[in-house]
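The data block below is input21.cif; it holds mmCIF, C-alpha atoms.
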```cif
data_upload
loop_
_atom_site.label_atom_id
_atom_site.label_comp_id
_atom_site.auth_asym_id
_atom_site.auth_seq_id
_atom_site.Cartn_x
_atom_site.Cartn_y
_atom_site.Cartn_z
CA MET A 1 -37.50 -37.70 -20.56
CA LYS A 2 -35.54 -36.85 -23.64
CA ALA A 3 -37.23 -33.47 -23.94
CA GLN A 4 -36.51 -32.79 -20.29
CA THR A 5 -32.82 -33.58 -20.72
CA SER A 6 -32.49 -31.24 -23.65
CA LEU A 7 -34.33 -28.54 -21.71
CA VAL A 8 -31.84 -28.93 -18.86
CA ALA A 9 -29.01 -28.85 -21.37
CA ALA A 10 -30.43 -25.74 -22.99
CA LEU A 11 -30.79 -24.05 -19.61
CA ALA A 12 -27.25 -25.02 -18.72
CA VAL A 13 -25.95 -23.57 -21.97
CA ALA A 14 -27.93 -20.40 -21.41
CA PHE A 15 -26.61 -20.13 -17.85
CA LEU A 16 -23.00 -20.67 -18.96
CA ALA A 17 -23.44 -18.13 -21.73
CA ALA A 18 -24.83 -15.59 -19.28
CA THR A 19 -21.93 -16.17 -16.89
CA ALA A 20 -19.44 -15.85 -19.74
CA VAL A 21 -21.02 -12.57 -20.82
CA ALA A 22 -20.93 -11.23 -17.27
CA GLN A 23 -17.25 -12.16 -16.94
CA ASP A 24 -16.44 -10.73 -20.32
CA SER A 25 -17.95 -7.44 -19.48
CA VAL A 26 -15.81 -7.04 -16.34
CA ALA A 27 -12.72 -8.14 -18.28
CA ASP A 28 -13.66 -5.82 -21.15
CA LYS A 29 -14.09 -2.83 -18.86
CA ILE A 30 -10.69 -3.50 -17.33
CA LYS A 31 -9.12 -3.91 -20.77
CA ALA A 32 -10.57 -0.54 -21.78
CA ILE A 33 -8.91 1.13 -18.77
CA GLN A 34 -5.62 -0.64 -19.50
CA LYS A 35 -5.80 0.66 -23.06
CA ASP A 36 -6.47 4.22 -21.90
CA TYR A 37 -3.56 3.96 -19.49
CA GLN A 38 -1.22 2.69 -22.23
CA THR A 39 -2.31 5.58 -24.45
CA ALA A 40 -1.66 8.09 -21.65
CA ILE A 41 1.79 6.59 -21.03
CA SER A 42 2.78 6.64 -24.69
CA GLU A 43 1.53 10.23 -25.16
CA TYR A 44 3.56 11.20 -22.11
CA SER A 45 6.76 9.57 -23.35
CA THR A 46 6.33 11.03 -26.84
CA ALA A 47 5.98 14.52 -25.33
CA MET A 48 8.99 13.85 -23.08
CA ARG A 49 11.13 12.83 -26.03
CA ALA A 50 10.08 15.97 -27.91
CA ALA A 51 10.96 18.26 -24.98
CA LYS A 52 14.41 19.76 -25.40
CA THR A 53 15.22 21.70 -22.26
CA THR A 54 15.00 20.93 -18.56
CA GLU A 55 12.20 23.51 -18.30
CA GLU A 56 10.24 21.89 -21.13
CA ARG A 57 10.63 18.48 -19.55
CA ALA A 58 9.45 19.82 -16.20
CA ALA A 59 6.39 21.32 -17.92
CA VAL A 60 5.62 18.00 -19.66
CA ALA A 61 5.99 16.14 -16.37
CA LYS A 62 3.54 18.53 -14.77
CA GLU A 63 0.94 18.59 -17.54
CA LYS A 64 1.13 15.21 -19.23
CA ALA A 65 2.13 12.70 -16.56
CA PRO A 66 -0.68 10.10 -16.42
CA ASP A 67 -2.93 10.73 -13.44
CA ARG A 68 -2.38 7.44 -11.68
CA ALA A 69 -4.82 8.23 -8.88
CA LYS A 70 -7.58 8.64 -11.47
CA PHE A 71 -6.75 5.34 -13.17
CA ALA A 72 -6.56 3.60 -9.81
CA ALA A 73 -10.00 4.96 -8.91
CA ARG A 74 -11.45 3.70 -12.23
CA TYR A 75 -10.04 0.21 -11.66
CA MET A 76 -11.35 0.18 -8.09
CA GLU A 77 -14.86 1.13 -9.15
CA ILE A 78 -15.08 -2.02 -11.25
CA ALA A 79 -13.16 -4.30 -8.91
CA GLU A 80 -15.17 -3.38 -5.82
CA LYS A 81 -18.43 -4.36 -7.54
CA ASP A 82 -17.19 -7.87 -8.28
CA PRO A 83 -14.13 -8.47 -6.09
CA LYS A 84 -14.18 -12.26 -6.35
CA ASN A 85 -14.12 -12.30 -10.14
CA ALA A 86 -10.76 -13.63 -11.35
CA ALA A 87 -10.84 -10.96 -14.06
CA VAL A 88 -10.26 -8.19 -11.50
CA VAL A 89 -6.91 -9.55 -10.24
CA GLU A 90 -4.86 -7.70 -12.85
CA ALA A 91 -6.71 -4.47 -12.09
CA LEU A 92 -6.13 -4.84 -8.35
CA VAL A 93 -2.44 -5.59 -8.93
CA SER A 94 -2.17 -2.42 -11.05
CA VAL A 95 -3.84 -0.33 -8.35
CA ALA A 96 -1.49 -1.74 -5.71
CA GLN A 97 1.50 -0.87 -7.89
CA MET A 98 0.23 2.63 -8.72
CA ASP A 99 -0.71 3.51 -5.17
CA LEU A 100 1.48 1.24 -3.06
CA ARG A 101 1.10 3.15 0.23
CA GLY A 102 -2.13 4.99 -0.49
CA GLU A 103 -5.75 4.41 0.36
CA ASN A 104 -6.81 2.74 -2.89
CA GLY A 105 -3.63 0.66 -2.84
CA ALA A 106 -4.50 -0.62 0.63
CA LYS A 107 -8.06 -1.43 -0.48
CA ALA A 108 -6.78 -3.31 -3.54
CA ILE A 109 -4.24 -5.25 -1.47
CA ASP A 110 -6.94 -6.16 1.08
CA LEU A 111 -9.23 -7.47 -1.69
CA LEU A 112 -6.39 -9.56 -3.13
CA ALA A 113 -5.73 -10.99 0.35
CA ALA A 114 -9.41 -11.81 0.84
CA HIS A 115 -10.12 -13.46 -2.51
CA HIS A 116 -7.10 -14.10 -4.71
CA ILE A 117 -4.08 -15.32 -2.77
CA GLU A 118 -3.74 -18.34 -5.06
CA SER A 119 -3.55 -16.33 -8.28
CA PRO A 120 -0.23 -16.65 -10.15
CA LYS A 121 -0.79 -13.05 -11.29
CA LEU A 122 0.31 -11.87 -7.83
CA THR A 123 3.96 -12.82 -8.48
CA PRO A 124 5.11 -9.40 -9.79
CA LEU A 125 3.39 -7.67 -6.87
CA VAL A 126 5.00 -9.83 -4.18
CA SER A 127 8.49 -8.56 -5.03
CA ILE A 128 7.47 -4.91 -4.58
CA LEU A 129 5.26 -5.34 -1.50
CA ARG A 130 8.38 -5.56 0.67
CA TYR A 131 8.94 -1.85 0.00
CA ALA A 132 5.41 -0.82 1.03
CA GLY A 133 5.92 -1.05 4.78
CA THR A 134 2.17 -1.03 5.33
CA GLU A 135 -0.08 -3.29 7.37
CA SER A 136 -2.06 -4.29 4.28
CA ALA A 137 1.07 -5.36 2.41
CA ASP A 138 2.33 -7.43 5.34
CA LYS A 139 -1.09 -9.04 5.69
CA LEU A 140 -1.20 -10.07 2.02
CA LEU A 141 2.34 -11.47 2.16
CA ARG A 142 1.44 -13.39 5.32
CA ALA A 143 -1.71 -14.78 3.66
CA ILE A 144 0.24 -16.01 0.61
CA ALA A 145 3.01 -17.39 2.84
CA ASP A 146 0.49 -19.29 4.97
CA LYS A 147 -2.04 -20.46 2.42
CA SER A 148 -0.65 -20.59 -1.11
CA PRO A 149 -0.61 -24.10 -2.57
CA ASP A 150 2.45 -23.18 -4.66
CA ARG A 151 5.70 -23.73 -2.75
CA ASP A 152 7.69 -21.15 -4.72
CA ALA A 153 4.99 -18.52 -4.21
CA LYS A 154 4.96 -19.36 -0.50
CA ALA A 155 8.75 -19.09 -0.29
CA ASN A 156 8.87 -15.77 -2.17
CA ALA A 157 6.10 -14.27 -0.03
CA THR A 158 7.84 -15.42 3.16
CA LEU A 159 11.10 -13.83 2.01
CA ALA A 160 9.31 -10.60 1.04
CA LEU A 161 7.60 -10.50 4.45
CA ALA A 162 10.91 -10.89 6.27
CA ASN A 163 12.45 -8.15 4.11
CA SER A 164 9.47 -5.90 4.70
CA LEU A 165 9.77 -6.31 8.47
CA LYS A 166 13.54 -6.15 8.82
CA GLY A 167 13.84 -2.37 9.05
CA ARG A 168 10.96 -2.04 11.51
CA ASP A 169 10.94 -5.16 13.67
CA ALA A 170 14.29 -6.94 13.67
CA ALA A 171 13.20 -9.74 16.03
CA ALA A 172 10.16 -10.67 13.94
CA ALA A 173 12.22 -10.53 10.74
CA GLU A 174 14.96 -12.74 12.20
CA LYS A 175 12.38 -15.34 13.18
CA ILE A 176 11.03 -15.45 9.63
CA PHE A 177 14.51 -15.59 8.07
CA ASN A 178 15.18 -18.60 10.33
CA GLN A 179 11.95 -20.17 9.11
CA ILE A 180 13.21 -19.70 5.52
CA VAL A 181 16.46 -21.49 6.40
CA GLU A 182 14.43 -24.37 7.82
CA GLN A 183 11.74 -24.65 5.13
CA PHE A 184 12.89 -23.06 1.88
CA ALA A 185 16.69 -23.26 1.93
CA ASP A 186 16.74 -25.02 -1.45
CA VAL A 187 14.46 -22.57 -3.31
CA THR A 188 16.48 -20.46 -5.73
CA ASN A 189 15.89 -16.97 -7.01
CA ARG A 190 17.98 -14.56 -9.06
CA THR A 191 20.59 -14.05 -6.34
CA GLY A 192 21.07 -17.68 -5.27
CA THR A 193 19.44 -20.05 -2.80
CA MET A 194 17.06 -18.64 -0.24
CA GLY A 195 18.93 -20.49 2.49
CA ASP A 196 22.15 -18.58 1.80
CA LEU A 197 20.25 -15.35 1.36
CA ALA A 198 18.39 -15.71 4.67
CA LYS A 199 21.60 -16.59 6.54
CA GLU A 200 23.25 -13.42 5.19
CA GLU A 201 20.26 -11.37 6.29
CA ILE A 202 20.35 -12.85 9.81
CA LYS A 203 24.04 -11.98 10.06
CA HIS A 204 23.29 -8.44 8.85
CA LEU A 205 20.41 -7.99 11.34
CA GLN A 206 22.66 -9.01 14.21
CA LYS A 207 24.85 -6.02 13.46
CA PHE A 208 22.52 -3.51 11.79
CA GLY A 209 19.04 -4.47 13.04
CA ALA A 210 16.83 -2.15 15.07
CA GLY A 211 18.07 -2.11 18.66
CA LYS A 212 21.74 -2.57 17.78
CA PRO A 213 24.27 0.20 18.44
CA ALA A 214 25.13 1.88 15.13
CA PRO A 215 28.66 0.82 14.16
CA GLU A 216 31.11 3.72 13.99
CA ILE A 217 31.73 5.41 10.67
CA ALA A 218 34.97 7.36 10.40
CA GLY A 219 35.45 9.05 7.05
CA THR A 220 35.84 12.32 5.23
CA ASP A 221 33.20 14.71 3.95
CA ILE A 222 32.97 16.05 0.40
CA ASP A 223 35.50 18.80 1.27
CA GLY A 224 37.97 16.22 2.55
CA LYS A 225 37.44 16.99 6.24
CA ASP A 226 37.52 14.05 8.68
CA PHE A 227 34.48 13.34 10.80
CA LYS A 228 32.75 10.49 12.59
CA LEU A 229 29.20 9.29 13.05
CA SER A 230 29.76 9.30 16.83
CA ASP A 231 30.40 13.09 16.68
CA TYR A 232 26.60 13.31 16.49
CA ARG A 233 25.86 11.27 19.64
CA GLY A 234 23.18 13.08 21.64
CA LYS A 235 21.30 13.95 18.44
CA VAL A 236 18.74 12.01 16.44
CA VAL A 237 20.43 11.10 13.15
CA MET A 238 18.98 10.22 9.79
CA LEU A 239 21.77 8.45 7.91
CA ASP A 240 21.03 8.52 4.21
CA PHE A 241 23.01 6.40 1.73
CA TRP A 242 22.48 8.42 -1.44
CA GLY A 243 23.61 9.15 -4.94
CA ASP A 244 22.58 11.83 -7.40
CA TRP A 245 21.06 9.54 -10.04
CA MET B 1 13.85 13.15 -2.04
CA TYR B 2 15.77 16.46 -2.08
CA PRO B 3 12.67 18.60 -1.44
CA HIS B 4 11.71 16.54 1.61
CA GLU B 5 15.25 16.57 2.93
CA ARG B 6 15.54 20.33 2.46
CA SER B 7 12.30 20.95 4.36
CA LEU B 8 13.28 18.45 7.07
CA VAL B 9 16.62 20.19 7.63
CA ALA B 10 14.95 23.62 7.66
CA ARG B 11 12.31 22.51 10.15
CA MET B 12 14.85 20.87 12.48
CA GLN B 13 17.26 23.79 12.49
CA GLY B 14 18.51 24.44 16.03
CA LYS B 15 17.16 21.12 17.29
CA PRO B 16 19.27 18.11 18.27
CA PHE B 17 18.88 16.45 14.89
CA ALA B 18 21.26 15.78 12.02
CA LEU B 19 20.77 14.54 8.49
CA LEU B 20 23.99 12.85 7.44
CA GLY B 21 24.64 11.38 4.02
CA VAL B 22 26.89 8.66 2.73
CA ASN B 23 27.43 9.60 -0.89
CA SER B 24 28.33 7.15 -3.66
CA ASP B 25 28.89 9.58 -6.55
CA PRO B 26 32.14 10.54 -8.27
CA LYS B 27 33.51 13.76 -6.74
CA GLU B 28 32.58 16.19 -9.58
CA LYS B 29 29.06 14.80 -9.71
CA VAL B 30 28.38 15.20 -6.01
CA VAL B 31 29.93 18.68 -5.94
CA ASP B 32 27.58 19.64 -8.77
CA ALA B 33 24.58 18.11 -6.95
CA LEU B 34 25.36 20.03 -3.72
CA LYS B 35 25.28 23.31 -5.61
CA ARG B 36 22.36 22.55 -7.93
CA GLU B 37 20.11 21.11 -5.22
CA ASN B 38 21.18 23.45 -2.44
CA ILE B 39 22.29 20.56 -0.23
CA THR B 40 23.55 21.95 3.05
CA TRP B 41 23.83 18.77 5.09
CA ARG B 42 27.06 16.88 5.50
CA SER B 43 27.93 13.62 3.78
CA PHE B 44 30.66 11.06 4.08
CA TRP B 45 32.16 10.66 0.62
CA ASP B 46 32.32 6.93 -0.06
CA GLY B 47 34.98 6.81 -2.75
CA GLY B 48 32.98 7.57 -5.87
CA ASN B 49 30.92 4.44 -6.44
CA THR B 50 28.35 2.15 -4.82
CA ARG B 51 31.01 -0.36 -3.75
CA GLY B 52 32.68 2.10 -1.39
CA PRO B 53 33.95 0.99 2.04
CA ILE B 54 31.06 2.41 4.09
CA ALA B 55 28.23 1.05 1.90
CA THR B 56 30.00 -2.32 1.77
CA GLU B 57 30.49 -2.45 5.55
CA TRP B 58 26.84 -1.54 6.08
CA GLY B 59 25.65 -4.12 3.53
CA VAL B 60 23.72 -1.56 1.47
CA GLN B 61 21.99 -3.23 -1.46
CA GLY B 62 19.71 -0.47 -2.72
CA TRP B 63 19.80 3.33 -2.88
CA PRO B 64 18.62 5.27 -1.09
CA THR B 65 18.91 3.26 2.12
CA MET B 66 18.09 5.15 5.29
CA TYR B 67 18.84 4.47 8.93
CA LEU B 68 17.22 6.32 11.81
CA ILE B 69 19.55 6.41 14.81
CA ASP B 70 18.43 7.67 18.22
CA HIS B 71 20.32 10.10 20.46
CA LYS B 72 22.01 7.21 22.24
CA GLY B 73 23.45 5.94 18.97
CA VAL B 74 21.09 2.97 18.64
CA ILE B 75 19.66 1.97 15.26
CA ARG B 76 15.87 2.25 15.50
CA LYS B 77 14.57 1.95 11.93
CA SER B 78 15.93 1.32 8.47
CA TYR B 79 14.49 1.55 4.99
CA VAL B 80 15.63 0.27 1.62
CA GLY B 81 14.12 2.79 -0.76
CA SER B 82 12.51 5.88 0.70
CA PRO B 83 9.32 5.11 2.62
CA GLY B 84 8.12 8.64 1.81
CA GLY B 85 8.41 11.92 3.68
CA GLU B 86 5.35 11.33 5.83
CA VAL B 87 6.68 8.10 7.35
CA LEU B 88 10.15 9.57 7.91
CA ASP B 89 8.73 12.70 9.57
CA ARG B 90 6.56 10.61 11.89
CA GLU B 91 9.41 8.29 12.94
CA ILE B 92 11.87 11.15 13.44
CA GLU B 93 9.29 13.01 15.52
CA ALA B 94 8.89 9.93 17.77
CA LEU B 95 12.67 9.79 18.34
CA MET B 96 12.79 13.54 19.08
CA LYS B 97 10.07 13.07 21.72
CA GLU B 98 12.12 10.33 23.38
CA LEU B 99 15.15 12.60 23.41
CA GLU B 100 13.17 15.48 24.93
CA ALA B 101 11.69 13.17 27.57
CA GLY B 102 15.25 12.20 28.47
CA LYS B 103 14.60 8.50 27.98
#
```
Represent the structure contained in this file as structure tokens.
Amino acid sequence: MKAQTSLVAALAVAFLAATAVAQDSVADKIKAIQKDYQTAISEYSTAMRAAKTTEERAAVAKEKAPDRAKFAARYMEIAEKDPKNAAVVEALVSVAQMDLRGENGAKAIDLLAAHHIESPKLTPLVSILRYAGTESADKLLRAIADKSPDRDAKANATLALANSLKGRDAAAAEKIFNQIVEQFADVTNRTGTMGDLAKEEIKHLQKFGAGKPAPEIAGTDIDGKDFKLSDYRGKVVMLDFWGDW
Amino acid sequence: MYPHERSLVARMQGKPFALLGVNSDPKEKVVDALKRENITWRSFWDGGNTRGPIATEWGVQGWPTMYLIDHKGVIRKSYVGSPGGEVLDREIEALMKELEAGK
């Protein structure tokens, strides 16, 4: 009996060790890519600092800028072999950030939605997913909003989803902002409480949401000549709030 | 974004389309940018900073912010941060088709 117990214990230890090794090797492979990426970034910024003219900087940008698509592909190769492994979350988050609207980005975001919505490592990604405007991004935000056990994570994902939708589907966004007022009004972020934030957004959508008539702009151009937005009625207009920075 | 905007304006020349800016730079800076970047499209000048009257009225919180407005003057899409040339081209094309169909 005693011998049997120790055999079981020995097997258990061996099994745990094997699992640990397997996990380590995925984590190690990812660390190696992260290290290569850091090296590429620092070589790039060193070369940038050394460049003196606009032309030199343009040449450095062309020749030395880290090839993000290549790094994303390397991460994906490892992550796709073992997508459920917690060690791949960081790699998938990096891919999503590097290739937010691209094919590998979408694959990474889909894997995160399928296996890792509870990971606290998703926090930095949630705040940028609102700018993706892709189906994959919306799906991941929805999954976190629906299923995360962490109330703050849920609230932040819900807010990001509403922000992601607001330029494309004003009615859907308004519904979600109302949900934030009902469920997460007390949650605070950098700009204040989510309740106040969501109420502001609803007010804004009612005037500037898709489907609303564009409010008139009457101003002057760079040469000081008066003109109005409504002068362009009858044409499709892209109105671009811009600065040269 | 300048390269995409330049090619968009070139492609749409003669068609019922306009790229209009609302610029938040100080005057000398925007005048320099127009020349340097060969910017031919018209912009409202919003007083020299990001808290100008137009950006404030429109609740702009990030630059660039873009609005696509159809030929009837209705807001159809908006983006905080550029969604990329491909998305903009596709959405503008859809609005041009509506205009041509006389919807």
* **Resolved residues for the PyMOL selection byres ((chain B) within 9 of (chain A)) as JSON, numbers by chain** => {"B": [15, 16, 17, 18, 19, 20, 21, 22, 23, 24, 25, 27, 29, 30, 31, 33, 42, 43, 44, 45, 46, 49, 50, 54, 55, 58, 59, 60, 62, 63, 64, 65, 66, 67, 68, 69, 70, 71, 72, 73, 74, 75, 76, 77, 78, 79, 80, 81, 82, 83, 92, 95, 96, 99]}
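For the structure in this document, the set picked by the PyMOL selection byres ((chain A and resi 174-183) around 8) is Ala155, Thr158, Leu159, Leu161, Ala162, Lys166, Ala170, Ala171, Ala172, Ala173, Phe184, Ala185, Met194, Gly195, Asp196, Ala198, Lys199, Glu201, Ile202 and Leu205 of chain A.
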Set up a box along x, y and z of the file covering all listed atoms of stretch 26-43 of chain B, add 3 Å on every one of the six sides, and write the centre and edge lengths in Å to one decimal, as lines of an AutoDock Vina configuration file.
```
center_x = 26.8
center_y = 17.0
center_z = -2.1
size_x = 19.4
size_y = 18.9
size_z = 21.2
```
* Structure fact -> atom CA of A:Ala160 sits from atom CA of A:Ala86 at a separation of 23.8 Å
* Asked: To one decimal place, how far is atom CA of B:Arg51 from atom CA of B:Tyr2 in Å?
  ->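 For atom CA of B:Arg51 relative to atom CA of B:Tyr2, the distance reads 22.8 Å.
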* Any chance you could work out the residue set of the PyMOL selection byres ((chain A and resi 153) around 10) here, as a ChimeraX atom specification? -> /A:117-120,122-123,126,141,144-145,147-152,154-159
* Structure fact -> atom CA of B:Thr40 sits from atom CA of B:Ala10 at a separation of 9.9 Å
* Give the answer as one residue: which of A:Lys139, A:Arg57, A:Arg190, A:Lys64 has the shortest atom-to-atom distance to A:Thr39, using only C-alpha atoms? => A:Lys64
Using the atoms already present, construct N, CA and C atoms for stretch 67-98 of chain B and hand them back as a short mmCIF file (atom, residue, chain, number, x, y, z; two decimals), keeping the file's coordinate frame.
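File result16.cif, as written:
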```
data_model
loop_
_atom_site.label_atom_id
_atom_site.label_comp_id
_atom_site.auth_asym_id
_atom_site.auth_seq_id
_atom_site.Cartn_x
_atom_site.Cartn_y
_atom_site.Cartn_z
N TYR B 67 18.85 4.96 7.56
CA TYR B 67 18.84 4.47 8.93
C TYR B 67 18.44 5.61 9.85
N LEU B 68 17.52 5.34 10.77
CA LEU B 68 17.22 6.32 11.81
C LEU B 68 17.90 5.85 13.08
N ILE B 69 18.73 6.73 13.65
CA ILE B 69 19.55 6.41 14.81
C ILE B 69 19.15 7.34 15.95
N ASP B 70 18.89 6.80 17.13
CA ASP B 70 18.43 7.67 18.22
C ASP B 70 19.60 8.40 18.88
N HIS B 71 19.27 9.24 19.87
CA HIS B 71 20.32 10.10 20.46
C HIS B 71 21.35 9.31 21.25
N LYS B 72 21.02 8.04 21.55
CA LYS B 72 22.01 7.21 22.24
C LYS B 72 22.89 6.43 21.26
N GLY B 73 22.64 6.63 19.97
CA GLY B 73 23.45 5.94 18.97
C GLY B 73 22.94 4.55 18.62
N VAL B 74 21.67 4.30 18.94
CA VAL B 74 21.09 2.97 18.64
C VAL B 74 20.26 3.04 17.36
N ILE B 75 20.46 2.05 16.48
CA ILE B 75 19.66 1.97 15.26
C ILE B 75 18.22 1.66 15.64
N ARG B 76 17.28 2.46 15.14
CA ARG B 76 15.87 2.25 15.50
C ARG B 76 15.02 1.81 14.31
N LYS B 77 15.33 2.32 13.12
CA LYS B 77 14.57 1.95 11.93
C LYS B 77 15.52 1.97 10.74
N SER B 78 15.19 1.17 9.72
CA SER B 78 15.93 1.32 8.47
C SER B 78 14.99 1.06 7.30
N TYR B 79 15.33 1.66 6.17
CA TYR B 79 14.49 1.55 4.99
C TYR B 79 15.35 1.37 3.75
N VAL B 80 15.02 0.38 2.93
CA VAL B 80 15.63 0.27 1.62
C VAL B 80 14.65 0.92 0.65
N GLY B 81 15.07 2.00 0.01
CA GLY B 81 14.12 2.79 -0.76
C GLY B 81 13.41 3.71 0.21
N SER B 82 13.16 4.95 -0.21
CA SER B 82 12.51 5.88 0.70
C SER B 82 11.09 5.43 1.00
N PRO B 83 10.70 5.44 2.28
CA PRO B 83 9.32 5.11 2.62
C PRO B 83 8.39 6.30 2.44
N GLY B 84 8.94 7.43 1.98
CA GLY B 84 8.12 8.64 1.81
C GLY B 84 8.31 9.59 2.98
N GLY B 85 8.17 10.88 2.68
CA GLY B 85 8.41 11.92 3.68
C GLY B 85 7.54 11.80 4.92
N GLU B 86 6.29 11.40 4.71
CA GLU B 86 5.35 11.33 5.83
C GLU B 86 5.83 10.33 6.89
N VAL B 87 6.22 9.14 6.43
CA VAL B 87 6.68 8.10 7.35
C VAL B 87 7.94 8.56 8.07
N LEU B 88 8.89 9.12 7.30
CA LEU B 88 10.15 9.57 7.91
C LEU B 88 9.89 10.64 8.96
N ASP B 89 9.04 11.62 8.62
CA ASP B 89 8.73 12.70 9.57
C ASP B 89 8.15 12.13 10.87
N ARG B 90 7.23 11.18 10.71
CA ARG B 90 6.56 10.61 11.89
C ARG B 90 7.58 9.88 12.78
N GLU B 91 8.44 9.08 12.16
CA GLU B 91 9.41 8.29 12.94
C GLU B 91 10.46 9.19 13.59
N ILE B 92 10.89 10.22 12.87
CA ILE B 92 11.87 11.15 13.44
C ILE B 92 11.25 11.89 14.62
N GLU B 93 10.00 12.30 14.45
CA GLU B 93 9.29 13.01 15.52
C GLU B 93 9.24 12.14 16.79
N ALA B 94 8.96 10.85 16.61
CA ALA B 94 8.89 9.93 17.77
C ALA B 94 10.24 9.87 18.49
N LEU B 95 11.33 9.84 17.71
CA LEU B 95 12.67 9.79 18.34
C LEU B 95 13.00 11.12 19.02
N MET B 96 12.55 12.24 18.45
CA MET B 96 12.79 13.54 19.08
C MET B 96 12.06 13.62 20.41
N LYS B 97 10.84 13.05 20.46
CA LYS B 97 10.07 13.07 21.72
C LYS B 97 10.79 12.28 22.80
N GLU B 98 11.35 11.14 22.42
CA GLU B 98 12.12 10.33 23.38
C GLU B 98 13.30 11.12 23.93
#
```
